[in-house]
$ cat upload32.cif   # mmCIF, C-alpha atoms
data_final
#
loop_
_atom_site.group_PDB
_atom_site.id
_atom_site.type_symbol
_atom_site.label_atom_id
_atom_site.label_comp_id
_atom_site.auth_asym_id
_atom_site.auth_seq_id
_atom_site.Cartn_x
_atom_site.Cartn_y
_atom_site.Cartn_z
ATOM 1 C CA MET A 1 -7.923 -56.915 24.138
ATOM 2 C CA SER A 2 -11.024 -56.655 26.299
ATOM 3 C CA GLU A 3 -13.573 -53.899 25.744
ATOM 4 C CA GLU A 4 -12.979 -52.355 29.173
ATOM 5 C CA PHE A 5 -9.326 -51.671 28.258
ATOM 6 C CA GLU A 6 -9.892 -50.652 24.656
ATOM 7 C CA ILE A 7 -8.214 -47.400 23.689
ATOM 8 C CA LYS A 8 -10.580 -45.036 21.903
ATOM 9 C CA ASN A 9 -9.661 -42.042 19.858
ATOM 10 C CA LYS A 10 -12.137 -39.518 21.235
ATOM 11 C CA VAL A 11 -10.989 -36.855 18.769
ATOM 12 C CA ALA A 12 -11.759 -39.091 15.799
ATOM 13 C CA ASP A 13 -15.115 -39.985 17.332
ATOM 14 C CA SER A 14 -16.009 -36.354 18.083
ATOM 15 C CA GLY A 15 -17.229 -35.539 14.584
ATOM 16 C CA LEU A 16 -14.946 -32.532 14.338
ATOM 17 C CA VAL A 17 -13.732 -31.522 10.903
ATOM 18 C CA ASN A 18 -10.192 -30.160 11.079
ATOM 19 C CA PHE A 19 -9.450 -27.231 8.808
ATOM 20 C CA ASP A 20 -5.874 -26.117 8.262
ATOM 21 C CA LEU A 21 -5.768 -22.609 6.808
ATOM 22 C CA SER A 22 -2.119 -23.106 5.832
ATOM 23 C CA GLU A 23 -3.297 -25.488 3.103
ATOM 24 C CA LEU A 24 -4.759 -22.477 1.279
ATOM 25 C CA VAL A 25 -1.455 -20.593 1.147
ATOM 26 C CA PRO A 26 -0.525 -20.333 -2.538
ATOM 27 C CA LYS A 27 2.656 -22.225 -3.400
ATOM 28 C CA GLY A 28 5.345 -20.432 -5.316
ATOM 29 C CA THR A 29 8.359 -18.190 -5.083
ATOM 30 C CA ARG A 30 7.996 -14.678 -3.708
ATOM 31 C CA LYS A 31 10.247 -11.955 -5.120
ATOM 32 C CA GLY A 32 10.531 -8.318 -4.188
ATOM 33 C CA ILE A 33 11.577 -5.442 -6.430
ATOM 34 C CA ASP A 34 12.865 -2.355 -4.647
ATOM 35 C CA LEU A 35 12.368 0.785 -6.723
ATOM 36 C CA LYS A 36 15.341 2.315 -4.946
ATOM 37 C CA ASP A 37 17.533 0.182 -7.215
ATOM 38 C CA PHE A 38 16.032 1.948 -10.247
ATOM 39 C CA LEU A 39 16.636 5.484 -8.996
ATOM 40 C CA TRP A 40 19.595 7.685 -9.800
ATOM 41 C CA GLU A 41 21.826 7.658 -6.721
ATOM 42 C CA GLY A 42 18.968 5.855 -4.976
ATOM 43 C CA MET A 43 17.078 9.125 -4.669
ATOM 44 C CA ILE A 44 15.789 10.540 -7.950
ATOM 45 C CA LEU A 45 13.801 8.997 -10.753
ATOM 46 C CA ARG A 46 15.254 10.026 -14.081
ATOM 47 C CA GLU A 47 12.949 8.771 -16.793
ATOM 48 C CA LYS A 48 15.562 7.671 -19.321
ATOM 49 C CA ASP A 49 17.668 5.858 -16.694
ATOM 50 C CA PHE A 50 14.560 4.261 -15.216
ATOM 51 C CA ARG A 51 13.320 3.058 -18.597
ATOM 52 C CA ASP A 52 16.781 1.647 -19.406
ATOM 53 C CA LYS A 53 16.871 -0.306 -16.135
ATOM 54 C CA VAL A 54 13.354 -1.645 -16.645
ATOM 55 C CA ALA A 55 14.241 -2.638 -20.219
ATOM 56 C CA ALA A 56 17.227 -4.602 -18.860
ATOM 57 C CA ILE A 57 14.984 -6.782 -16.683
ATOM 58 C CA ASN A 58 14.623 -10.351 -17.859
ATOM 59 C CA PRO A 59 10.921 -11.154 -17.364
ATOM 60 C CA GLU A 60 11.792 -14.857 -17.213
ATOM 61 C CA ASP A 61 13.353 -14.170 -13.794
ATOM 62 C CA TYR A 62 9.785 -13.654 -12.541
ATOM 63 C CA ARG A 63 8.143 -16.632 -14.236
ATOM 64 C CA GLU A 64 5.469 -18.139 -11.965
ATOM 65 C CA CYS A 65 6.533 -15.866 -9.065
ATOM 66 C CA TYR A 66 4.490 -13.726 -6.736
ATOM 67 C CA VAL A 67 6.070 -10.271 -6.950
ATOM 68 C CA TYR A 68 5.825 -7.319 -4.612
ATOM 69 C CA ILE A 69 7.085 -3.906 -5.683
ATOM 70 C CA TYR A 70 8.146 -1.539 -2.924
ATOM 71 C CA ASN A 71 10.208 1.592 -2.432
ATOM 72 C CA SER A 72 12.689 1.643 0.444
ATOM 73 C CA ALA A 73 14.049 5.048 -0.583
ATOM 74 C CA ASP A 74 12.704 8.317 0.728
ATOM 75 C CA ALA A 75 11.860 9.387 -2.794
ATOM 76 C CA ILE A 76 8.679 10.300 -4.596
ATOM 77 C CA VAL A 77 8.035 7.938 -7.468
ATOM 78 C CA PRO A 78 5.413 8.806 -10.104
ATOM 79 C CA LEU A 79 2.649 6.280 -10.679
ATOM 80 C CA TRP A 80 3.664 5.651 -14.283
ATOM 81 C CA ALA A 81 6.877 4.047 -12.965
ATOM 82 C CA TYR A 82 4.824 1.282 -11.326
ATOM 83 C CA PHE A 83 2.891 0.858 -14.576
ATOM 84 C CA LEU A 84 6.092 0.494 -16.585
ATOM 85 C CA LEU A 85 7.672 -2.009 -14.207
ATOM 86 C CA THR A 86 4.501 -4.060 -13.869
ATOM 87 C CA ALA A 87 3.986 -4.145 -17.628
ATOM 88 C CA LYS A 88 7.480 -5.601 -18.020
ATOM 89 C CA ILE A 89 6.925 -8.611 -15.722
ATOM 90 C CA THR A 90 3.178 -9.193 -15.550
ATOM 91 C CA ASP A 91 3.079 -11.720 -18.407
ATOM 92 C CA GLU A 92 5.430 -14.036 -16.510
ATOM 93 C CA ALA A 93 4.545 -13.398 -12.857
ATOM 94 C CA LYS A 94 1.594 -15.098 -11.180
ATOM 95 C CA LYS A 95 0.721 -11.875 -9.373
ATOM 96 C CA VAL A 96 2.261 -8.412 -9.000
ATOM 97 C CA VAL A 97 1.330 -6.100 -6.121
ATOM 98 C CA PHE A 98 2.496 -2.825 -4.651
ATOM 99 C CA GLY A 99 3.687 -3.126 -1.083
ATOM 100 C CA ASN A 100 5.934 -5.253 1.055
ATOM 101 C CA ARG A 101 6.027 -9.021 1.489
ATOM 102 C CA GLU A 102 3.369 -8.884 4.184
ATOM 103 C CA ASP A 103 1.038 -6.931 1.888
ATOM 104 C CA LEU A 104 1.534 -9.606 -0.772
ATOM 105 C CA GLU A 105 0.719 -12.411 1.670
ATOM 106 C CA VAL A 106 -2.439 -10.619 2.877
ATOM 107 C CA LEU A 107 -3.663 -10.250 -0.697
ATOM 108 C CA LEU A 108 -2.811 -13.834 -1.642
ATOM 109 C CA MET A 109 -4.640 -15.210 1.383
ATOM 110 C CA HIS A 110 -7.590 -12.891 0.743
ATOM 111 C CA ASN A 111 -7.906 -14.329 -2.767
ATOM 112 C CA ALA A 112 -7.463 -17.889 -1.496
ATOM 113 C CA VAL A 113 -10.156 -17.581 1.181
ATOM 114 C CA GLN A 114 -12.582 -15.763 -1.107
ATOM 115 C CA THR A 115 -12.300 -18.359 -3.883
ATOM 116 C CA PHE A 116 -12.205 -21.544 -1.766
ATOM 117 C CA ASP A 117 -15.359 -23.674 -1.880
ATOM 118 C CA PHE A 118 -16.442 -24.078 1.765
ATOM 119 C CA LYS A 119 -19.702 -25.864 0.932
ATOM 120 C CA LYS A 120 -18.329 -29.219 2.102
ATOM 121 C CA LEU A 121 -18.201 -27.745 5.618
ATOM 122 C CA THR A 122 -21.932 -26.961 5.702
ATOM 123 C CA ASP A 123 -23.507 -28.074 9.013
ATOM 124 C CA GLU A 124 -20.189 -29.436 10.270
ATOM 125 C CA ARG A 125 -18.428 -28.874 13.573
ATOM 126 C CA VAL A 126 -15.216 -27.226 12.371
ATOM 127 C CA LEU A 127 -11.941 -26.915 14.233
ATOM 128 C CA VAL A 128 -9.516 -24.436 12.661
ATOM 129 C CA LYS A 129 -5.966 -25.544 13.317
ATOM 130 C CA GLY A 130 -4.187 -23.139 15.633
ATOM 131 C CA CYS A 131 -0.529 -23.900 15.006
ATOM 132 C CA SER A 132 1.247 -23.841 11.689
ATOM 133 C CA ASP A 133 4.769 -23.787 10.330
ATOM 134 C CA VAL A 134 3.547 -21.247 7.781
ATOM 135 C CA ASN A 135 3.071 -17.574 8.652
ATOM 136 C CA ILE A 136 -0.581 -16.778 7.982
ATOM 137 C CA PRO A 137 -1.779 -13.156 8.059
ATOM 138 C CA GLU A 138 -4.289 -12.476 10.824
ATOM 139 C CA ASN A 139 -6.712 -11.060 8.285
ATOM 140 C CA ALA A 140 -7.050 -14.524 6.737
ATOM 141 C CA TYR A 141 -8.564 -15.813 9.999
ATOM 142 C CA ILE A 142 -11.039 -12.924 10.041
ATOM 143 C CA GLU A 143 -12.094 -13.645 6.473
ATOM 144 C CA LEU A 144 -12.306 -17.355 7.265
ATOM 145 C CA VAL A 145 -14.816 -16.685 10.053
ATOM 146 C CA GLU A 146 -16.862 -14.524 7.675
ATOM 147 C CA GLN A 147 -17.004 -17.401 5.203
ATOM 148 C CA LEU A 148 -17.731 -20.136 7.747
ATOM 149 C CA LYS A 149 -20.239 -18.443 10.064
ATOM 150 C CA PRO A 150 -23.258 -18.845 7.778
ATOM 151 C CA LEU A 151 -22.347 -22.460 6.924
ATOM 152 C CA VAL A 152 -21.028 -24.427 9.872
ATOM 153 C CA LYS A 153 -22.807 -25.825 12.908
ATOM 154 C CA SER A 154 -20.002 -24.691 15.212
ATOM 155 C CA LEU A 155 -16.545 -23.208 14.941
ATOM 156 C CA MET A 156 -13.587 -23.771 17.232
ATOM 157 C CA PHE A 157 -9.991 -22.648 17.128
ATOM 158 C CA GLY A 158 -6.872 -24.448 18.333
ATOM 159 C CA GLU A 159 -6.158 -28.109 18.739
ATOM 160 C CA ALA A 160 -8.630 -30.903 19.462
ATOM 161 C CA CYS A 161 -7.259 -31.366 22.977
ATOM 162 C CA SER A 162 -7.499 -27.678 23.867
ATOM 163 C CA ASN A 163 -9.719 -25.646 21.590
ATOM 164 C CA VAL A 164 -11.457 -22.318 22.006
ATOM 165 C CA PRO A 165 -15.142 -22.316 21.056
ATOM 166 C CA ILE A 166 -15.912 -19.408 18.722
ATOM 167 C CA PHE A 167 -19.631 -19.843 18.009
ATOM 168 C CA LYS A 168 -22.472 -22.321 17.623
ATOM 169 C CA ASN A 169 -25.334 -22.024 15.164
#

$ encode --input "upload32.cif" --output "structure tokens"
Amino acid sequence: MSEEFEIKNKVADSGLVNFDLSELVPKGTRKGIDLKDFLWEGMILREKDFRDKVAAINPEDYRECYVYIYNSADAIVPLWAYFLLTAKITDEAKKVVFGNREDLEVLLMHNAVQTFDFKKLTDERVLVKGCSDVNIPENAYIELVEQLKPLVKSLMFGEACSNVPIFKN
């Protein structure tokens, strides 16, 4: 093929480093525990009943899982109840948090972004992938910018063919 008709990959030649935030999402099963299921008639915490239900939990059911504990009932639950439930499963679970699934994902991504080594992106032109099959909390993008701003030469968001410039150092 002659040089005048040679097809060039301008994206590959651009020097952009693609960064896919979805690659930082921790792998593993997510499980929720609704405290409503531990309450008498779904409304009242009775200590003996609660302790019996917690004792009946098989911690192996939470092995290597990310667990979020929430309360869908309109009931006041004392803090010691969360202690008791967490103590039962924490040896098997990867992580236990209070809140809903979204709260869990925010915390997991916070930890992932804060512990990732971004040094390899120093002085690079970085393009953060805009589309993903994985739901990524918005806060993860905010924390990503905080981590990258002091390191990278420039930051863009989107796809190589249509990106949004964020900043240049």

$ residues_around --input "upload32.cif" --residues "Val106 of chain A" --least-positions-apart "4" --cutoff "9 Å" --atoms "all atoms listed in the file" --output "MDAnalysis selection string"
chainID A and resid 101:102 110:111 136:140

$ resolve_selection --input "upload32.cif" --expression "the PyMOL selection byres ((chain A and resi 59) around 7)" --output "list in words"
Ile57, Asn58, Glu60, Asp61, Tyr62, Arg63, Lys88, Ile89 and Glu92 of chain A

$ write_last_selection --input "upload32.cif" --atoms "C-alpha atoms" --output "mmCIF file, in the coordinates of the input"
data_model
loop_
_atom_site.group_PDB
_atom_site.id
_atom_site.type_symbol
_atom_site.label_atom_id
_atom_site.label_comp_id
_atom_site.auth_asym_id
_atom_site.auth_seq_id
_atom_site.Cartn_x
_atom_site.Cartn_y
_atom_site.Cartn_z
ATOM 1 C CA ILE A 57 14.984 -6.782 -16.683
ATOM 2 C CA ASN A 58 14.623 -10.351 -17.859
ATOM 3 C CA GLU A 60 11.792 -14.857 -17.213
ATOM 4 C CA ASP A 61 13.353 -14.170 -13.794
ATOM 5 C CA TYR A 62 9.785 -13.654 -12.541
ATOM 6 C CA ARG A 63 8.143 -16.632 -14.236
ATOM 7 C CA LYS A 88 7.480 -5.601 -18.020
ATOM 8 C CA ILE A 89 6.925 -8.611 -15.722
ATOM 9 C CA GLU A 92 5.430 -14.036 -16.510
#

$ closest_residue --input "upload32.cif" --among "A:Trp40, A:Val96, A:Val54, A:Leu84" --to "Tyr66 of chain A" --atoms "only C-alpha atoms"
A:Val96

$ closest_residue --input "upload32.cif" --among "A:Leu148, A:Met43, A:Val113, A:Leu16" --to "Val77 of chain A" --atoms "only C-alpha atoms"
A:Met43

$ closest_residue --input "upload32.cif" --among "A:Ala55, A:Leu121, A:Val164, A:Val128" --to "Pro150 of chain A" --atoms "all atoms listed in the file"
A:Leu121

$ resolve_selection --input "upload32.cif" --expression "the PyMOL selection byres ((chain A and resi 64) around 6)" --output "count of residues only"
4

$ resolve_selection --input "upload32.cif" --expression "the PyMOL selection byres ((chain A and resi 163) around 12)" --output "PyMOL selection string"
chain A and resi 11+16+18+126-131+155-162+164-166

$ write_last_selection --input "upload32.cif" --atoms "C-alpha atoms" --output "CSV table (one decimal), in the coordinates of the input"
chain,number,residue,atom,x,y,z
A,11,VAL,CA,-11.0,-36.9,18.8
A,16,LEU,CA,-14.9,-32.5,14.3
A,18,ASN,CA,-10.2,-30.2,11.1
A,126,VAL,CA,-15.2,-27.2,12.4
A,127,LEU,CA,-11.9,-26.9,14.2
A,128,VAL,CA,-9.5,-24.4,12.7
A,129,LYS,CA,-6.0,-25.5,13.3
A,130,GLY,CA,-4.2,-23.1,15.6
A,131,CYS,CA,-0.5,-23.9,15.0
A,155,LEU,CA,-16.5,-23.2,14.9
A,156,MET,CA,-13.6,-23.8,17.2
A,157,PHE,CA,-10.0,-22.6,17.1
A,158,GLY,CA,-6.9,-24.4,18.3
A,159,GLU,CA,-6.2,-28.1,18.7
A,160,ALA,CA,-8.6,-30.9,19.5
A,161,CYS,CA,-7.3,-31.4,23.0
A,162,SER,CA,-7.5,-27.7,23.9
A,164,VAL,CA,-11.5,-22.3,22.0
A,165,PRO,CA,-15.1,-22.3,21.1
A,166,ILE,CA,-15.9,-19.4,18.7

$ residues_around --input "upload32.cif" --residues "Lys53 of chain A" --least-positions-apart "5" --cutoff "9 Å" --atoms "all atoms listed in the file" --output "PyMOL selection string"
chain A and resi 37-38+48

$ atom_distance --input "upload32.cif" --atom1 "atom CA of Ala112 of chain A" --atom2 "atom CA of Val25 of chain A"
7.1 Å

$ atom_distance --input "upload32.cif" --atom1 "atom CA of Ser22 of chain A" --atom2 "atom CA of Lys119 of chain A"
18.5 Å

$ atom_distance --input "upload32.cif" --atom1 "atom CA of Val152 of chain A" --atom2 "atom CA of Leu107 of chain A"
24.8 Å

$ closest_residue --input "upload32.cif" --among "A:Asp117, A:Glu105, A:Glu146, A:Asp49" --to "Lys31 of chain A" --atoms "all atoms listed in the file"
A:Glu105

$ residues_around --input "upload32.cif" --residues "Ala81 of chain A" --least-positions-apart "6" --cutoff "10 Å" --atoms "all atoms listed in the file" --output "mmCIF file with C-alpha atoms, in the frame of the given file"
data_model
loop_
_atom_site.group_PDB
_atom_site.id
_atom_site.type_symbol
_atom_site.label_atom_id
_atom_site.label_comp_id
_atom_site.auth_asym_id
_atom_site.auth_seq_id
_atom_site.Cartn_x
_atom_site.Cartn_y
_atom_site.Cartn_z
ATOM 1 C CA LEU A 35 12.368 0.785 -6.723
ATOM 2 C CA PHE A 38 16.032 1.948 -10.247
ATOM 3 C CA LEU A 45 13.801 8.997 -10.753
ATOM 4 C CA GLU A 47 12.949 8.771 -16.793
ATOM 5 C CA PHE A 50 14.560 4.261 -15.216
ATOM 6 C CA ARG A 51 13.320 3.058 -18.597
ATOM 7 C CA VAL A 54 13.354 -1.645 -16.645
ATOM 8 C CA ALA A 87 3.986 -4.145 -17.628
#

$ closest_residue --input "upload32.cif" --among "A:Ile76, A:Lys168, A:Tyr82, A:Val145" --to "Glu124 of chain A" --atoms "all atoms listed in the file"
A:Lys168

$ closest_residue --input "upload32.cif" --among "A:Asp123, A:Ser154, A:Asp133, A:Glu41" --to "Ala75 of chain A" --atoms "all atoms listed in the file"
A:Glu41

$ decode --input "upload32.cif" --residues "segment 40-147 of chain A" --atoms "C-alpha atoms" --output "mmCIF file, in the first residue's frame"
data_model
loop_
_atom_site.group_PDB
_atom_site.id
_atom_site.type_symbol
_atom_site.label_atom_id
_atom_site.label_comp_id
_atom_site.auth_asym_id
_atom_site.auth_seq_id
_atom_site.Cartn_x
_atom_site.Cartn_y
_atom_site.Cartn_z
ATOM 1 C CA TRP A 40 -40.171 -8.533 66.300
ATOM 2 C CA GLU A 41 -43.093 -8.030 63.918
ATOM 3 C CA GLY A 42 -40.689 -5.979 61.802
ATOM 4 C CA MET A 43 -41.013 -3.081 64.223
ATOM 5 C CA ILE A 44 -39.434 -3.660 67.629
ATOM 6 C CA LEU A 45 -36.016 -4.871 68.650
ATOM 7 C CA ARG A 46 -36.323 -7.384 71.450
ATOM 8 C CA GLU A 47 -32.845 -8.205 72.661
ATOM 9 C CA LYS A 48 -33.284 -11.936 73.221
ATOM 10 C CA ASP A 49 -35.028 -12.465 69.859
ATOM 11 C CA PHE A 50 -32.431 -10.327 68.106
ATOM 12 C CA ARG A 51 -29.527 -12.212 69.666
ATOM 13 C CA ASP A 52 -31.144 -15.550 68.733
ATOM 14 C CA LYS A 53 -31.530 -14.473 65.097
ATOM 15 C CA VAL A 54 -27.957 -13.198 64.923
ATOM 16 C CA ALA A 55 -26.712 -16.445 66.490
ATOM 17 C CA ALA A 56 -28.548 -18.388 63.756
ATOM 18 C CA ILE A 57 -26.597 -16.628 60.996
ATOM 19 C CA ASN A 58 -24.051 -18.789 59.234
ATOM 20 C CA PRO A 59 -21.007 -16.523 58.798
ATOM 21 C CA GLU A 60 -19.866 -18.693 55.888
ATOM 22 C CA ASP A 61 -22.770 -17.226 53.884
ATOM 23 C CA TYR A 62 -20.796 -13.959 53.881
ATOM 24 C CA ARG A 63 -17.360 -15.362 53.066
ATOM 25 C CA GLU A 64 -15.456 -12.963 50.789
ATOM 26 C CA CYS A 65 -18.573 -10.770 50.354
ATOM 27 C CA TYR A 66 -19.014 -7.040 50.611
ATOM 28 C CA VAL A 67 -21.884 -6.566 53.065
ATOM 29 C CA TYR A 68 -24.117 -3.585 53.674
ATOM 30 C CA ILE A 69 -26.378 -3.465 56.716
ATOM 31 C CA TYR A 70 -29.483 -1.314 56.445
ATOM 32 C CA ASN A 71 -32.839 -0.854 58.126
ATOM 33 C CA SER A 72 -35.910 -0.600 55.905
ATOM 34 C CA ALA A 73 -38.262 -0.517 58.899
ATOM 35 C CA ASP A 74 -39.404 2.663 60.572
ATOM 36 C CA ALA A 75 -37.895 1.493 63.831
ATOM 37 C CA ILE A 76 -35.202 2.796 66.122
ATOM 38 C CA VAL A 77 -32.373 0.316 66.418
ATOM 39 C CA PRO A 78 -29.753 0.725 69.165
ATOM 40 C CA LEU A 79 -26.132 0.936 68.073
ATOM 41 C CA TRP A 80 -25.157 -2.242 69.908
ATOM 42 C CA ALA A 81 -27.333 -4.187 67.434
ATOM 43 C CA TYR A 82 -25.018 -3.154 64.586
ATOM 44 C CA PHE A 83 -22.029 -4.160 66.714
ATOM 45 C CA LEU A 84 -23.497 -7.596 67.385
ATOM 46 C CA LEU A 85 -24.392 -8.269 63.757
ATOM 47 C CA THR A 86 -21.062 -7.013 62.449
ATOM 48 C CA ALA A 87 -19.127 -9.072 64.983
ATOM 49 C CA LYS A 88 -20.913 -12.191 63.732
ATOM 50 C CA ILE A 89 -19.884 -11.804 60.066
ATOM 51 C CA THR A 90 -16.788 -9.607 60.014
ATOM 52 C CA ASP A 91 -14.300 -12.498 60.109
ATOM 53 C CA GLU A 92 -15.687 -13.869 56.840
ATOM 54 C CA ALA A 93 -16.785 -10.738 54.961
ATOM 55 C CA LYS A 94 -14.335 -8.623 52.979
ATOM 56 C CA LYS A 95 -16.012 -5.452 54.224
ATOM 57 C CA VAL A 96 -19.088 -4.585 56.294
ATOM 58 C CA VAL A 97 -20.689 -1.131 56.162
ATOM 59 C CA PHE A 98 -23.819 0.569 57.406
ATOM 60 C CA GLY A 99 -26.000 1.905 54.631
ATOM 61 C CA ASN A 100 -27.499 0.837 51.351
ATOM 62 C CA ARG A 101 -25.841 -0.698 48.303
ATOM 63 C CA GLU A 102 -24.947 2.719 46.935
ATOM 64 C CA ASP A 103 -23.234 3.661 50.205
ATOM 65 C CA LEU A 104 -21.204 0.450 49.983
ATOM 66 C CA GLU A 105 -20.136 1.185 46.403
ATOM 67 C CA VAL A 106 -19.102 4.756 47.307
ATOM 68 C CA LEU A 107 -16.928 3.469 50.139
ATOM 69 C CA LEU A 108 -15.396 0.683 48.055
ATOM 70 C CA MET A 109 -14.504 3.082 45.255
ATOM 71 C CA HIS A 110 -13.161 5.615 47.758
ATOM 72 C CA ASN A 111 -10.795 2.959 49.114
ATOM 73 C CA ALA A 112 -9.844 1.822 45.609
ATOM 74 C CA VAL A 113 -9.002 5.329 44.381
ATOM 75 C CA GLN A 114 -7.151 6.273 47.561
ATOM 76 C CA THR A 115 -4.951 3.161 47.502
ATOM 77 C CA PHE A 116 -4.259 2.944 43.746
ATOM 78 C CA ASP A 117 -0.723 3.872 42.681
ATOM 79 C CA PHE A 118 -1.141 6.638 40.076
ATOM 80 C CA LYS A 119 2.589 7.344 39.760
ATOM 81 C CA LYS A 120 2.766 5.654 36.350
ATOM 82 C CA LEU A 121 0.524 8.448 35.041
ATOM 83 C CA THR A 122 2.952 11.213 36.041
ATOM 84 C CA ASP A 123 3.402 13.753 33.207
ATOM 85 C CA GLU A 124 1.048 11.816 30.938
ATOM 86 C CA ARG A 125 -1.900 13.028 28.896
ATOM 87 C CA VAL A 126 -4.714 11.019 30.487
ATOM 88 C CA LEU A 127 -8.120 10.263 29.034
ATOM 89 C CA VAL A 128 -10.603 8.906 31.582
ATOM 90 C CA LYS A 129 -13.025 6.566 29.872
ATOM 91 C CA GLY A 130 -16.523 8.006 29.833
ATOM 92 C CA CYS A 131 -18.692 4.959 29.225
ATOM 93 C CA SER A 132 -18.761 1.799 31.269
ATOM 94 C CA ASP A 133 -20.945 -1.240 31.764
ATOM 95 C CA VAL A 134 -20.276 -0.882 35.489
ATOM 96 C CA ASN A 135 -22.112 1.663 37.639
ATOM 97 C CA ILE A 136 -19.450 3.914 39.145
ATOM 98 C CA PRO A 137 -20.391 6.395 41.886
ATOM 99 C CA GLU A 138 -19.913 10.015 40.847
ATOM 100 C CA ASN A 139 -17.760 10.613 43.903
ATOM 101 C CA ALA A 140 -15.136 8.255 42.465
ATOM 102 C CA TYR A 141 -14.624 10.644 39.529
ATOM 103 C CA ILE A 142 -14.204 13.569 41.926
ATOM 104 C CA GLU A 143 -11.611 11.674 43.940
ATOM 105 C CA LEU A 144 -9.891 10.581 40.733
ATOM 106 C CA VAL A 145 -9.417 14.210 39.671
ATOM 107 C CA GLU A 146 -7.994 15.017 43.110
ATOM 108 C CA GLN A 147 -5.449 12.231 42.698
#
